[in-house]
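The file input-v9.cif comes next; it holds mmCIF, C-alpha atoms.
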data_final
#
loop_
_atom_site.group_PDB
_atom_site.id
_atom_site.type_symbol
_atom_site.label_atom_id
_atom_site.label_comp_id
_atom_site.auth_asym_id
_atom_site.auth_seq_id
_atom_site.Cartn_x
_atom_site.Cartn_y
_atom_site.Cartn_z
ATOM 1 C CA GLY Q 1 0.000 0.000 0.000
ATOM 2 C CA ASP Q 2 2.089 2.887 -1.222
ATOM 3 C CA LEU Q 3 0.873 6.029 -2.892
ATOM 4 C CA TYR Q 4 2.510 7.241 -6.078
ATOM 5 C CA GLN Q 5 1.941 10.502 -7.868
ATOM 6 C CA ILE Q 6 2.261 10.014 -11.598
ATOM 7 C CA SER Q 7 2.592 13.094 -13.759
ATOM 8 C CA ASN Q 8 4.185 14.112 -16.992
ATOM 9 C CA GLN Q 9 6.457 17.054 -17.753
ATOM 10 C CA VAL Q 10 5.613 17.657 -21.400
ATOM 11 C CA THR Q 11 2.032 18.353 -22.450
ATOM 12 C CA LEU Q 12 2.189 21.428 -24.638
ATOM 13 C CA GLY Q 13 0.999 20.601 -28.145
ATOM 14 C CA ARG Q 14 -0.086 17.058 -27.313
ATOM 15 C CA ALA Q 15 -3.636 15.777 -27.327
ATOM 16 C CA GLU Q 16 -5.099 14.882 -23.960
ATOM 17 C CA ALA Q 17 -5.842 11.336 -25.106
ATOM 18 C CA THR Q 18 -2.216 10.877 -26.175
ATOM 19 C CA VAL Q 19 -0.891 12.125 -22.847
ATOM 20 C CA LEU Q 20 -3.292 9.882 -20.904
ATOM 21 C CA ASN Q 21 -2.317 6.828 -22.957
ATOM 22 C CA GLN Q 22 1.377 7.487 -22.333
ATOM 23 C CA ILE Q 23 0.758 7.852 -18.595
ATOM 24 C CA ARG Q 24 -1.254 4.608 -18.557
ATOM 25 C CA GLU Q 25 1.631 2.785 -20.238
ATOM 26 C CA VAL Q 26 4.101 4.128 -17.684
ATOM 27 C CA ILE Q 27 1.810 3.141 -14.826
ATOM 28 C CA GLN Q 28 1.699 -0.439 -16.115
ATOM 29 C CA THR Q 29 5.505 -0.505 -16.201
ATOM 30 C CA ILE Q 30 5.730 0.873 -12.660
ATOM 31 C CA LEU Q 31 3.262 -1.752 -11.435
ATOM 32 C CA LEU Q 32 5.300 -4.496 -13.073
ATOM 33 C CA TYR Q 33 8.540 -3.264 -11.459
ATOM 34 C CA GLU Q 34 6.826 -2.932 -8.069
ATOM 35 C CA ARG Q 35 5.497 -6.489 -8.218
ATOM 36 C CA GLN Q 36 8.886 -7.839 -9.284
ATOM 37 C CA ALA Q 37 10.614 -5.991 -6.438
ATOM 38 C CA ARG Q 38 8.124 -7.339 -3.894
ATOM 39 C CA GLN Q 39 8.602 -10.887 -5.176
ATOM 40 C CA ALA Q 40 12.386 -10.495 -4.901
ATOM 41 C CA LEU Q 41 12.062 -9.251 -1.320
ATOM 42 C CA VAL Q 42 9.885 -12.193 -0.371
ATOM 43 C CA ARG Q 43 12.209 -14.633 -2.077
ATOM 44 C CA GLU Q 44 15.525 -13.251 -0.848
ATOM 45 C CA ARG Q 45 14.855 -11.392 2.397
ATOM 46 C CA ARG Q 46 11.573 -12.664 3.814
ATOM 47 C CA GLN Q 47 12.641 -12.946 7.447
ATOM 48 C CA ALA Q 48 14.498 -9.611 7.465
ATOM 49 C CA GLU Q 49 11.528 -7.825 5.875
ATOM 50 C CA GLN Q 50 9.071 -9.395 8.313
ATOM 51 C CA ASP Q 51 11.269 -8.133 11.152
ATOM 52 C CA ARG Q 52 11.338 -4.606 9.697
ATOM 53 C CA ILE Q 53 7.549 -4.636 9.314
ATOM 54 C CA ALA Q 54 7.003 -5.868 12.874
ATOM 55 C CA ARG Q 55 9.346 -3.181 14.249
ATOM 56 C CA ALA Q 56 7.572 -0.478 12.246
ATOM 57 C CA ILE Q 57 4.178 -1.626 13.517
ATOM 58 C CA GLY Q 58 5.508 -1.588 17.079
ATOM 59 C CA THR Q 59 6.904 1.911 16.654
ATOM 60 C CA LEU Q 60 3.701 3.230 15.109
ATOM 61 C CA GLY Q 61 1.577 1.572 17.766
ATOM 62 C CA SER Q 62 3.394 3.137 20.683
ATOM 63 C CA ALA Q 63 4.635 6.460 19.294
ATOM 64 C CA THR Q 64 3.090 9.711 20.463
ATOM 65 C CA MET Q 65 5.061 11.760 17.924
ATOM 66 C CA ILE Q 66 6.692 10.617 14.732
ATOM 67 C CA THR Q 67 8.446 12.372 11.854
ATOM 68 C CA SER Q 68 7.938 11.638 8.187
ATOM 69 C CA GLU Q 69 11.503 10.275 7.993
#
Can I see the file as structure tokens?
Amino acid sequence: GDLYQISNQVTLGRAEATVLNQIREVIQTILLYERQARQALVRERRQAEQDRIARAIGTLGSATMITSE
């Protein structure tokens, strides 16, 4: 559950439909890379990642103040 902001830098002179199609293609590529990265983490570092998740949940559950870092 991460949140990504997808935007383009060049729109001047391009049709809206063209820009949207290009963004959709990029989003599909990002999703593919994200899924591959998650599979690699599960395959190669499952126990270490489970530990990091459990520590993060513990920190979030007991923190009264927390930074975005």
TODO: Fewer than 4 positions away in the same chain doesn't count, so skip those; otherwise give me all residues within 10 Å of Ile23 in chain Q, counting all atoms listed in the file, as a list in words.
DONE: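 Contacts, in chain order: Ile6, Ser7, Asn8, Ala17, Thr18, Val19, Ile27, Gln28 and Thr29 of chain Q.
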Task: Å distance separating CA of Ser68 in chain Q from CA of Ala37 in chain Q, one decimal place - done: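 One can read the CA of Ser68 in chain Q to CA of Ala37 in chain Q distance as 23.1 Å.
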Open item on the list: Quick one: residues within 12 Å of range 32-34 of chain Q, all atoms listed in the file, excluding same-chain residues fewer than 5 positions away - as a list of chain:residue names?
Closed with: Q:Gly1, Q:Asp2, Q:Leu3, Q:Tyr4, Q:Glu25, Q:Val26, Q:Ile27, Q:Gln39, Q:Ala40, Q:Leu41
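Between CA of Arg52 in chain Q and CA of Arg38 in chain Q the interatomic distance comes to 14.2 Å.
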Go ahead and fit an axis-aligned box to every listed atom of range 10-29 of chain Q plus 6 Å each side, and pass me the centre and edge lengths in Å, one decimal, as JSON.
{"center_x": -0.1, "center_y": 10.5, "center_z": -21.5, "size_x": 23.5, "size_y": 33.9, "size_z": 25.3}
- [ ] Using CA of Gln36 in chain Q and CA of Thr59 in chain Q as the two end points, give the distance in Å to one decimal.
- [x] 27.8 Å
- [ ] Would you please work out which residue, of Q:Asn21, Q:Gln50, Q:Ile66, Q:Ile30, is nearest to Gln5 in chain Q when using all atoms listed in the file?
- [x]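 Of all the options, Q:Ile30 lies closest to Gln5 in chain Q.
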